[in-house]
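K.L.:
Shown below is the structure under consideration.
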Amino acid sequence: MMKWNYDFEVPEQKKIRMIVHTDCKNEADDQFALAHHVMTPKFIVKGIVGGHFNMYPREYGEGNTAKASVDEINKVLDLMGLNGVYPVLEGAPRALANESTPIQSPAVDFIIEEAMKDDDRPLFISMLGAITDLAAAILLKPEICQKMTAIWIGGGQYPEGEDEFNCKQDIAAANVVMKSEMPLWQVPKNVYKQMAVSLAELQVRVKPYGKIGKYLFEQMVDFNMKTAHIPHWPHGEIWGLGDSPTISVLMEESEKTDIYDLIHAPNIRYDDLKYEHNTVNRKIRVYKAVNVRLCMEDFYAKLMINFPNQDS
């Protein structure tokens with residue numbers, strides 16, 4: 001395990017087990033969130049899953065996007081000097097066919113295995129994209145719902161709901177999780193969009209710090225140009241680090257309950273992704289704000305501490 005350069009320690013009883021699930025090659029923000037997760041000593045990262053983005057597979061081809069995510073995860077870890085430190089698992093190649101048929105994969109087996117371990121430390125899974133693999137694990141082993149908590153970047157703004165990329169990738173899986181007993185912290189579209197940064201900010205605060213900092217910045221600049229033909233997104237000079245709230249919500253003061261609502265988990269309509277509210281499903285956290293300052297300054301500081309120059 002890499003020795004980080006912090007002049008502080010996190011008390012053992014404050015640490016949590018963490019599975020990071022990321023569609024890491026889908027665009028340009030997952031890489032930042034992945035780096036932040038592994039640099040955070042509160043998190044005992046047990047494994048990292050490469051998830052699919054099969055609805056829009058681009059040059060990777062139908063059925064190949066989870067593999068593309070795995071390759072990108074390994075690239076990020078290699079640039080951080082973490083090659084081989086964490087298990088990296090490949091998730092399902094595509095969305096669930098329906099709400100009752102799981103897709104088995106190494107990722108699903110790993111999620112179930114880790115959840116069922118006899119370990120008193122809390123287990124969280126950060127879901128940064130399609131929620132396929134978590135839903136499949138729940139279908140195969142419903143008992144995991146009593147063993148872990150999911151944080152999901154996905155779903156439209158409350159109360160109505162709307163078209164949203166991560167949810168659209170697998171609506172059936174989203175409904176499986178919504179209807180389950182899994183404790184869920186949902187960060188919907190209007191909230192994860194709060195995590196905005198400028199490219200100039202990243203040039204100053206990220207690019208100079210190690211091979212990983214240079215890569216994080218340059219791959220975002222490249223993707224910004226690659227997608228310039230899309231009218232509504234991205235916006236030219238800013239980016240949303242929309243996957244980073246999975247770190248933010250776990251760093252917040254636990255007593256700060258004004259930043260989320262507890263509501264009965266809605267079902268999600270297949271035709272327009274709008275929410276169908278009910279009082280049958282268990283209650284979930286739905287975040288309405290994230291602490292952007294805390295999250296981003298923590299990321300910049302950890303990057304500077306651990307990768308102080310281009311040669312690190």
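Ligands are numbered from 1 in the order shown, chains are lettered A, B, ... in the order of the structure tokens, and residues start at 1 in each chain.
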I need the residues in stretch 52-292 of chain A that are alpha helix (DSSP H) according to DSSP; give them as a PyMOL selection string.
P.N.:
chain A and resi 65-79+106-115+132-140+165-169+171-179+189-192+199-205+210-226+245-251+292
K.L.:
Considering only C-alpha atoms, state which residue in the set A:Val280, A:Met39, A:Ala28, A:Ile153 is at the smallest distance from A:Leu303.
P.N.:
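Ranked by minimum distance to A:Leu303, first place goes to A:Met39.
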K.L.:
Produce a table with one row for each residue of stretch 2-84 of chain A that has an atom at most 12 Å from any atom of stretch 102-110 of chain A, each row naming the nearest atom pair and its distance in Å at one decimal; use only C-alpha atoms; arrange rows by chain and rising residue number; format as CSV.
P.N.:
```
residue,atom,partner,partner_atom,distance
A:Ile19,CA,A:Phe110,CA,9.5
A:Val20,CA,A:Ala107,CA,10.8
A:His21,CA,A:Ala107,CA,9.0
A:Thr22,CA,A:Ala107,CA,11.4
A:Lys46,CA,A:Phe110,CA,9.6
A:Gly47,CA,A:Phe110,CA,8.2
A:Ile48,CA,A:Ala107,CA,8.6
A:Val49,CA,A:Ala107,CA,6.1
A:Gly50,CA,A:Ala107,CA,8.0
A:Gly51,CA,A:Ala107,CA,8.7
A:His52,CA,A:Ala107,CA,11.4
A:Ala66,CA,A:Ala107,CA,10.4
A:Lys67,CA,A:Ala107,CA,11.7
A:Val70,CA,A:Ala107,CA,10.9
```
K.L.:
As a PDB file with N, CA and C atoms, in the first residue's frame, please: the residues near stretch 236-240 of chain A (cut-off 12 Å, only C-alpha atoms, same-chain neighbours under 5 positions excluded).
P.N.:
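This went into out38.pdb:
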```
ATOM      1  N   GLU A  27     -16.517   9.862 -19.669  1.00  0.00           N
ATOM      2  CA  GLU A  27     -16.147  11.241 -20.007  1.00  0.00           C
ATOM      3  C   GLU A  27     -14.899  11.624 -19.239  1.00  0.00           C
ATOM      4  N   ALA A  28     -14.893  12.753 -18.507  1.00  0.00           N
ATOM      5  CA  ALA A  28     -13.613  13.245 -17.990  1.00  0.00           C
ATOM      6  C   ALA A  28     -13.627  13.574 -16.510  1.00  0.00           C
ATOM      7  N   ASP A  29     -14.714  13.279 -15.793  1.00  0.00           N
ATOM      8  CA  ASP A  29     -14.752  13.628 -14.371  1.00  0.00           C
ATOM      9  C   ASP A  29     -14.550  12.431 -13.460  1.00  0.00           C
ATOM     10  N   ASP A  30     -14.877  11.214 -13.941  1.00  0.00           N
ATOM     11  CA  ASP A  30     -14.700  10.023 -13.098  1.00  0.00           C
ATOM     12  C   ASP A  30     -13.257   9.874 -12.635  1.00  0.00           C
ATOM     13  N   PHE A  32     -11.100  12.112 -11.831  1.00  0.00           N
ATOM     14  CA  PHE A  32     -10.854  12.966 -10.668  1.00  0.00           C
ATOM     15  C   PHE A  32     -11.415  12.317  -9.409  1.00  0.00           C
ATOM     16  N   ALA A  33     -12.634  11.817  -9.504  1.00  0.00           N
ATOM     17  CA  ALA A  33     -13.263  11.197  -8.336  1.00  0.00           C
ATOM     18  C   ALA A  33     -12.510   9.946  -7.904  1.00  0.00           C
ATOM     19  N   LYS A 189     -29.274  15.105 -10.302  1.00  0.00           N
ATOM     20  CA  LYS A 189     -28.606  15.909 -11.334  1.00  0.00           C
ATOM     21  C   LYS A 189     -28.364  17.355 -10.909  1.00  0.00           C
ATOM     22  N   ASN A 190     -29.376  18.020 -10.360  1.00  0.00           N
ATOM     23  CA  ASN A 190     -29.214  19.429 -10.006  1.00  0.00           C
ATOM     24  C   ASN A 190     -28.217  19.636  -8.881  1.00  0.00           C
ATOM     25  N   VAL A 191     -27.963  18.576  -8.093  1.00  0.00           N
ATOM     26  CA  VAL A 191     -27.021  18.672  -6.973  1.00  0.00           C
ATOM     27  C   VAL A 191     -25.607  18.334  -7.441  1.00  0.00           C
ATOM     28  N   TYR A 192     -25.444  17.260  -8.204  1.00  0.00           N
ATOM     29  CA  TYR A 192     -24.079  16.958  -8.653  1.00  0.00           C
ATOM     30  C   TYR A 192     -23.556  18.012  -9.623  1.00  0.00           C
ATOM     31  N   LYS A 193     -24.469  18.757 -10.284  1.00  0.00           N
ATOM     32  CA  LYS A 193     -24.035  19.851 -11.152  1.00  0.00           C
ATOM     33  C   LYS A 193     -23.450  21.026 -10.354  1.00  0.00           C
ATOM     34  N   GLN A 194     -23.652  21.049  -9.037  1.00  0.00           N
ATOM     35  CA  GLN A 194     -23.074  22.110  -8.218  1.00  0.00           C
ATOM     36  C   GLN A 194     -21.541  22.024  -8.176  1.00  0.00           C
ATOM     37  N   MET A 195     -20.984  20.842  -8.449  1.00  0.00           N
ATOM     38  CA  MET A 195     -19.545  20.629  -8.334  1.00  0.00           C
ATOM     39  C   MET A 195     -18.844  21.131  -9.600  1.00  0.00           C
ATOM     40  N   ALA A 196     -18.913  22.455  -9.812  1.00  0.00           N
ATOM     41  CA  ALA A 196     -18.395  23.053 -11.040  1.00  0.00           C
ATOM     42  C   ALA A 196     -16.995  23.626 -10.820  1.00  0.00           C
ATOM     43  N   VAL A 197     -16.158  23.470 -11.834  1.00  0.00           N
ATOM     44  CA  VAL A 197     -14.797  24.028 -11.817  1.00  0.00           C
ATOM     45  C   VAL A 197     -14.521  24.638 -13.184  1.00  0.00           C
ATOM     46  N   SER A 198     -13.532  25.533 -13.219  1.00  0.00           N
ATOM     47  CA  SER A 198     -13.116  26.079 -14.509  1.00  0.00           C
ATOM     48  C   SER A 198     -11.835  25.393 -14.960  1.00  0.00           C
ATOM     49  N   LEU A 199     -11.618  25.381 -16.273  1.00  0.00           N
ATOM     50  CA  LEU A 199     -10.390  24.786 -16.793  1.00  0.00           C
ATOM     51  C   LEU A 199      -9.159  25.576 -16.351  1.00  0.00           C
ATOM     52  N   ALA A 200      -9.304  26.893 -16.219  1.00  0.00           N
ATOM     53  CA  ALA A 200      -8.187  27.701 -15.715  1.00  0.00           C
ATOM     54  C   ALA A 200      -7.844  27.305 -14.277  1.00  0.00           C
ATOM     55  N   GLU A 201      -8.856  27.083 -13.478  1.00  0.00           N
ATOM     56  CA  GLU A 201      -8.652  26.633 -12.099  1.00  0.00           C
ATOM     57  C   GLU A 201      -7.885  25.307 -12.069  1.00  0.00           C
ATOM     58  N   LEU A 202      -8.275  24.380 -12.939  1.00  0.00           N
ATOM     59  CA  LEU A 202      -7.605  23.085 -12.968  1.00  0.00           C
ATOM     60  C   LEU A 202      -6.182  23.194 -13.511  1.00  0.00           C
ATOM     61  N   GLN A 203      -5.930  24.139 -14.414  1.00  0.00           N
ATOM     62  CA  GLN A 203      -4.567  24.339 -14.921  1.00  0.00           C
ATOM     63  C   GLN A 203      -3.633  24.752 -13.788  1.00  0.00           C
ATOM     64  N   PHE A 217      -5.768  16.854 -16.035  1.00  0.00           N
ATOM     65  CA  PHE A 217      -6.052  18.105 -16.730  1.00  0.00           C
ATOM     66  C   PHE A 217      -6.119  17.914 -18.239  1.00  0.00           C
ATOM     67  N   MET A 220      -9.116  16.050 -19.694  1.00  0.00           N
ATOM     68  CA  MET A 220     -10.336  16.858 -19.647  1.00  0.00           C
ATOM     69  C   MET A 220     -10.344  17.895 -20.764  1.00  0.00           C
ATOM     70  N   VAL A 221      -9.214  18.545 -20.986  1.00  0.00           N
ATOM     71  CA  VAL A 221      -9.107  19.512 -22.077  1.00  0.00           C
ATOM     72  C   VAL A 221      -9.364  18.823 -23.417  1.00  0.00           C
ATOM     73  N   ASP A 222      -8.799  17.635 -23.584  1.00  0.00           N
ATOM     74  CA  ASP A 222      -9.000  16.895 -24.831  1.00  0.00           C
ATOM     75  C   ASP A 222     -10.471  16.536 -25.032  1.00  0.00           C
ATOM     76  N   PHE A 223     -11.118  16.071 -23.965  1.00  0.00           N
ATOM     77  CA  PHE A 223     -12.525  15.675 -24.085  1.00  0.00           C
ATOM     78  C   PHE A 223     -13.414  16.892 -24.303  1.00  0.00           C
ATOM     79  N   ASN A 224     -13.016  18.009 -23.727  1.00  0.00           N
ATOM     80  CA  ASN A 224     -13.751  19.257 -23.931  1.00  0.00           C
ATOM     81  C   ASN A 224     -13.776  19.636 -25.415  1.00  0.00           C
ATOM     82  N   MET A 225     -12.669  19.419 -26.102  1.00  0.00           N
ATOM     83  CA  MET A 225     -12.617  19.709 -27.542  1.00  0.00           C
ATOM     84  C   MET A 225     -13.309  18.619 -28.358  1.00  0.00           C
ATOM     85  N   LYS A 226     -13.154  17.380 -27.940  1.00  0.00           N
ATOM     86  CA  LYS A 226     -13.745  16.258 -28.661  1.00  0.00           C
ATOM     87  C   LYS A 226     -15.269  16.360 -28.724  1.00  0.00           C
ATOM     88  N   THR A 227     -15.859  16.921 -27.667  1.00  0.00           N
ATOM     89  CA  THR A 227     -17.324  17.001 -27.583  1.00  0.00           C
ATOM     90  C   THR A 227     -17.850  18.396 -27.912  1.00  0.00           C
ATOM     91  N   ALA A 228     -17.023  19.229 -28.524  1.00  0.00           N
ATOM     92  CA  ALA A 228     -17.411  20.625 -28.777  1.00  0.00           C
ATOM     93  C   ALA A 228     -18.602  20.752 -29.729  1.00  0.00           C
ATOM     94  N   HIS A 229     -18.868  19.724 -30.519  1.00  0.00           N
ATOM     95  CA  HIS A 229     -19.970  19.791 -31.487  1.00  0.00           C
ATOM     96  C   HIS A 229     -21.337  19.644 -30.833  1.00  0.00           C
ATOM     97  N   ILE A 230     -21.385  19.169 -29.582  1.00  0.00           N
ATOM     98  CA  ILE A 230     -22.671  18.985 -28.901  1.00  0.00           C
ATOM     99  C   ILE A 230     -23.173  20.359 -28.458  1.00  0.00           C
ATOM    100  N   PRO A 231     -24.368  20.772 -28.851  1.00  0.00           N
ATOM    101  CA  PRO A 231     -24.805  22.158 -28.599  1.00  0.00           C
ATOM    102  C   PRO A 231     -24.915  22.535 -27.126  1.00  0.00           C
ATOM    103  N   PRO A 245     -19.187  14.292  -5.554  1.00  0.00           N
ATOM    104  CA  PRO A 245     -20.014  14.335  -4.338  1.00  0.00           C
ATOM    105  C   PRO A 245     -20.034  13.047  -3.526  1.00  0.00           C
ATOM    106  N   VAL A 292     -19.109  22.110  -1.952  1.00  0.00           N
ATOM    107  CA  VAL A 292     -18.145  22.166  -3.049  1.00  0.00           C
ATOM    108  C   VAL A 292     -16.780  22.627  -2.554  1.00  0.00           C
ATOM    109  N   MET A 296     -13.503  20.240  -3.083  1.00  0.00           N
ATOM    110  CA  MET A 296     -12.478  20.603  -4.046  1.00  0.00           C
ATOM    111  C   MET A 296     -11.169  21.005  -3.374  1.00  0.00           C
TER     112      MET A 296
END
```
K.L.:
Counting only C-alpha atoms, figure out which residue out of A:Leu96, A:Ala265, A:Leu89, A:Ile247 gets nearest to A:Ala172.
P.N.:
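Ranked by minimum distance to A:Ala172, first place goes to A:Leu96.
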K.L.:
Determine the nearest neighbour of A:Lys214 from the options A:Asn309, A:Thr101, A:Thr279, A:Asn175, counting only C-alpha atoms.
P.N.:
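Smallest separation from A:Lys214 among the options: A:Asn309.
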K.L.:
Quick one: residues within 10 Å of stretch 115-119 of chain A, only C-alpha atoms, excluding same-chain residues fewer than 6 positions away - as a list in words?
P.N.:
Arg17, Ile19, Ile125, Ala137, Lys141, Glu143, Ile144, Cys145, Gln146, Lys147, Met148 and Thr149 of chain A
K.L.:
Can I get the selected residues back with C-alpha atoms, as a compact mmCIF listing (two decimals), in the first residue's frame?
P.N.:
```txt
# COMPACT_ATOMS: atom_id res chain seq x y z
CA ARG A 17 -14.72 0.28 3.78
CA ILE A 19 -16.03 0.05 -3.17
CA ILE A 125 -20.29 1.67 -2.49
CA ALA A 137 -25.97 -8.08 -6.74
CA LYS A 141 -28.21 -11.84 -2.86
CA GLU A 143 -29.16 -9.97 2.12
CA ILE A 144 -26.47 -7.48 1.08
CA CYS A 145 -29.02 -4.72 1.65
CA GLN A 146 -28.50 -5.13 5.40
CA LYS A 147 -24.72 -5.02 5.01
CA MET A 148 -23.86 -1.88 3.05
CA THR A 149 -24.90 1.62 1.96
```
K.L.:
With a distance cut-off of 12 Å and only C-alpha atoms, select the neighbouring residues of A:Pro266, excluding the residue or stretch itself and same-chain residues fewer than 2 positions from it, and output the selection as a PyMOL selection string.
P.N.:
chain A and resi 155-156+158-161+174-180+184+186+262-264+268-269+273-286
K.L.:
Using only N, CA and C atoms, please write the residues we just selected to a file, as an mmCIF file, in the first residue's frame.
P.N.:
```
data_model
loop_
_atom_site.group_PDB
_atom_site.id
_atom_site.type_symbol
_atom_site.label_atom_id
_atom_site.label_comp_id
_atom_site.auth_asym_id
_atom_site.auth_seq_id
_atom_site.Cartn_x
_atom_site.Cartn_y
_atom_site.Cartn_z
ATOM 1 N N GLY A 155 -30.097 10.271 -11.404
ATOM 2 C CA GLY A 155 -31.497 10.630 -11.271
ATOM 3 C C GLY A 155 -31.717 12.117 -11.457
ATOM 4 N N GLY A 156 -32.929 12.473 -11.872
ATOM 5 C CA GLY A 156 -33.255 13.862 -12.131
ATOM 6 C C GLY A 156 -33.626 14.625 -10.877
ATOM 7 N N TYR A 158 -35.605 16.544 -8.033
ATOM 8 C CA TYR A 158 -36.868 16.297 -7.327
ATOM 9 C C TYR A 158 -37.709 17.562 -7.299
ATOM 10 N N PRO A 159 -39.035 17.421 -7.228
ATOM 11 C CA PRO A 159 -39.779 16.172 -7.056
ATOM 12 C C PRO A 159 -40.175 15.474 -8.353
ATOM 13 N N GLU A 160 -40.070 16.154 -9.504
ATOM 14 C CA GLU A 160 -40.640 15.583 -10.726
ATOM 15 C C GLU A 160 -39.772 14.497 -11.358
ATOM 16 N N GLY A 161 -38.445 14.692 -11.337
ATOM 17 C CA GLY A 161 -37.582 13.823 -12.119
ATOM 18 C C GLY A 161 -37.462 14.321 -13.553
ATOM 19 N N ALA A 174 -32.025 0.948 -11.805
ATOM 20 C CA ALA A 174 -32.368 2.013 -10.867
ATOM 21 C C ALA A 174 -33.629 1.650 -10.094
ATOM 22 N N ASN A 175 -34.606 1.064 -10.767
ATOM 23 C CA ASN A 175 -35.837 0.667 -10.088
ATOM 24 C C ASN A 175 -35.614 -0.487 -9.118
ATOM 25 N N VAL A 176 -34.743 -1.420 -9.475
ATOM 26 C CA VAL A 176 -34.410 -2.508 -8.550
ATOM 27 C C VAL A 176 -33.871 -1.940 -7.239
ATOM 28 N N VAL A 177 -32.948 -0.992 -7.347
ATOM 29 C CA VAL A 177 -32.346 -0.409 -6.149
ATOM 30 C C VAL A 177 -33.368 0.431 -5.391
ATOM 31 N N MET A 178 -34.168 1.217 -6.101
ATOM 32 C CA MET A 178 -35.182 2.039 -5.451
ATOM 33 C C MET A 178 -36.187 1.192 -4.668
ATOM 34 N N LYS A 179 -36.544 0.045 -5.210
ATOM 35 C CA LYS A 179 -37.553 -0.813 -4.580
ATOM 36 C C LYS A 179 -36.963 -1.769 -3.538
ATOM 37 N N SER A 180 -35.651 -1.781 -3.405
ATOM 38 C CA SER A 180 -34.988 -2.700 -2.473
ATOM 39 C C SER A 180 -34.965 -2.117 -1.065
ATOM 40 N N LEU A 184 -29.804 4.020 0.744
ATOM 41 C CA LEU A 184 -29.381 4.730 -0.459
ATOM 42 C C LEU A 184 -29.287 6.216 -0.180
ATOM 43 N N GLN A 186 -28.923 9.342 -2.521
ATOM 44 C CA GLN A 186 -28.985 9.744 -3.921
ATOM 45 C C GLN A 186 -28.556 11.201 -4.087
ATOM 46 N N LEU A 262 -35.224 13.129 3.666
ATOM 47 C CA LEU A 262 -35.543 11.703 3.745
ATOM 48 C C LEU A 262 -36.918 11.499 3.123
ATOM 49 N N ILE A 263 -36.967 10.785 2.018
ATOM 50 C CA ILE A 263 -38.243 10.573 1.331
ATOM 51 C C ILE A 263 -38.379 9.102 0.942
ATOM 52 N N HIS A 264 -39.608 8.666 0.746
ATOM 53 C CA HIS A 264 -39.822 7.328 0.215
ATOM 54 C C HIS A 264 -39.235 7.251 -1.191
ATOM 55 N N ILE A 268 -39.253 4.839 -10.997
ATOM 56 C CA ILE A 268 -38.836 5.684 -12.119
ATOM 57 C C ILE A 268 -39.530 5.199 -13.388
ATOM 58 N N ARG A 269 -40.185 6.112 -14.070
ATOM 59 C CA ARG A 269 -40.921 5.756 -15.281
ATOM 60 C C ARG A 269 -39.953 5.502 -16.436
ATOM 61 N N LEU A 273 -38.373 9.019 -17.477
ATOM 62 C CA LEU A 273 -37.513 9.038 -16.290
ATOM 63 C C LEU A 273 -38.066 9.907 -15.161
ATOM 64 N N LYS A 274 -39.325 10.227 -15.204
ATOM 65 C CA LYS A 274 -39.915 10.990 -14.109
ATOM 66 C C LYS A 274 -40.215 10.068 -12.927
ATOM 67 N N TYR A 275 -40.314 10.665 -11.746
ATOM 68 C CA TYR A 275 -40.519 9.900 -10.532
ATOM 69 C C TYR A 275 -41.997 9.623 -10.292
ATOM 70 N N GLU A 276 -42.285 8.420 -9.839
ATOM 71 C CA GLU A 276 -43.605 8.064 -9.347
ATOM 72 C C GLU A 276 -43.489 7.891 -7.834
ATOM 73 N N HIS A 277 -44.030 8.843 -7.091
ATOM 74 C CA HIS A 277 -43.870 8.846 -5.643
ATOM 75 C C HIS A 277 -44.875 7.903 -4.996
ATOM 76 N N ASN A 278 -44.474 7.345 -3.858
ATOM 77 C CA ASN A 278 -45.289 6.353 -3.161
ATOM 78 C C ASN A 278 -44.913 6.360 -1.683
ATOM 79 N N THR A 279 -45.629 5.607 -0.906
ATOM 80 C CA THR A 279 -45.287 5.438 0.512
ATOM 81 C C THR A 279 -44.978 3.977 0.815
ATOM 82 N N VAL A 280 -44.711 3.199 -0.224
ATOM 83 C CA VAL A 280 -44.432 1.763 -0.067
ATOM 84 C C VAL A 280 -42.939 1.518 0.100
ATOM 85 N N ASN A 281 -42.133 2.117 -0.774
ATOM 86 C CA ASN A 281 -40.685 1.902 -0.706
ATOM 87 C C ASN A 281 -40.103 2.541 0.548
ATOM 88 N N ARG A 282 -38.981 2.005 1.011
ATOM 89 C CA ARG A 282 -38.333 2.554 2.203
ATOM 90 C C ARG A 282 -37.807 3.959 1.906
ATOM 91 N N LYS A 283 -37.500 4.713 2.954
ATOM 92 C CA LYS A 283 -37.019 6.074 2.762
ATOM 93 C C LYS A 283 -35.530 6.070 2.419
ATOM 94 N N ILE A 284 -35.149 7.021 1.575
ATOM 95 C CA ILE A 284 -33.759 7.204 1.182
ATOM 96 C C ILE A 284 -33.360 8.661 1.428
ATOM 97 N N ARG A 285 -32.047 8.898 1.474
ATOM 98 C CA ARG A 285 -31.553 10.271 1.497
ATOM 99 C C ARG A 285 -31.530 10.816 0.071
ATOM 100 N N VAL A 286 -32.086 11.969 -0.112
ATOM 101 C CA VAL A 286 -31.963 12.677 -1.391
ATOM 102 C C VAL A 286 -31.276 14.003 -1.105
#
```
K.L.:
Mind pulling up the distance from atom CA of A:Leu34 to atom CA of A:Leu79?
P.N.:
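Computing the Euclidean distance for atom CA of A:Leu79 and atom CA of A:Leu34 yields 12.1 Å.
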K.L.:
Please compute the atom CA of A:Leu128-atom CA of A:Gly81 distance, one decimal, in Å.
P.N.:
22.8 Å
K.L.:
Please measure the separation of atom CA of A:Gly129 and atom CA of A:Gly154, giving the value in Å to one decimal.
P.N.:
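Computing it gives 7.1 Å between the two atoms.
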K.L.:
Which one of A:Gly61, A:Ile111, A:Pro208, A:Ile16 sits closest to A:Leu123 if you count only C-alpha atoms?
P.N.:
A:Ile16
K.L.:
Taking only C-alpha atoms into account, which of A:Pro188, A:Ala92, A:Pro11, A:Lys25 comes nearest A:Glu162?
P.N.:
A:Pro188
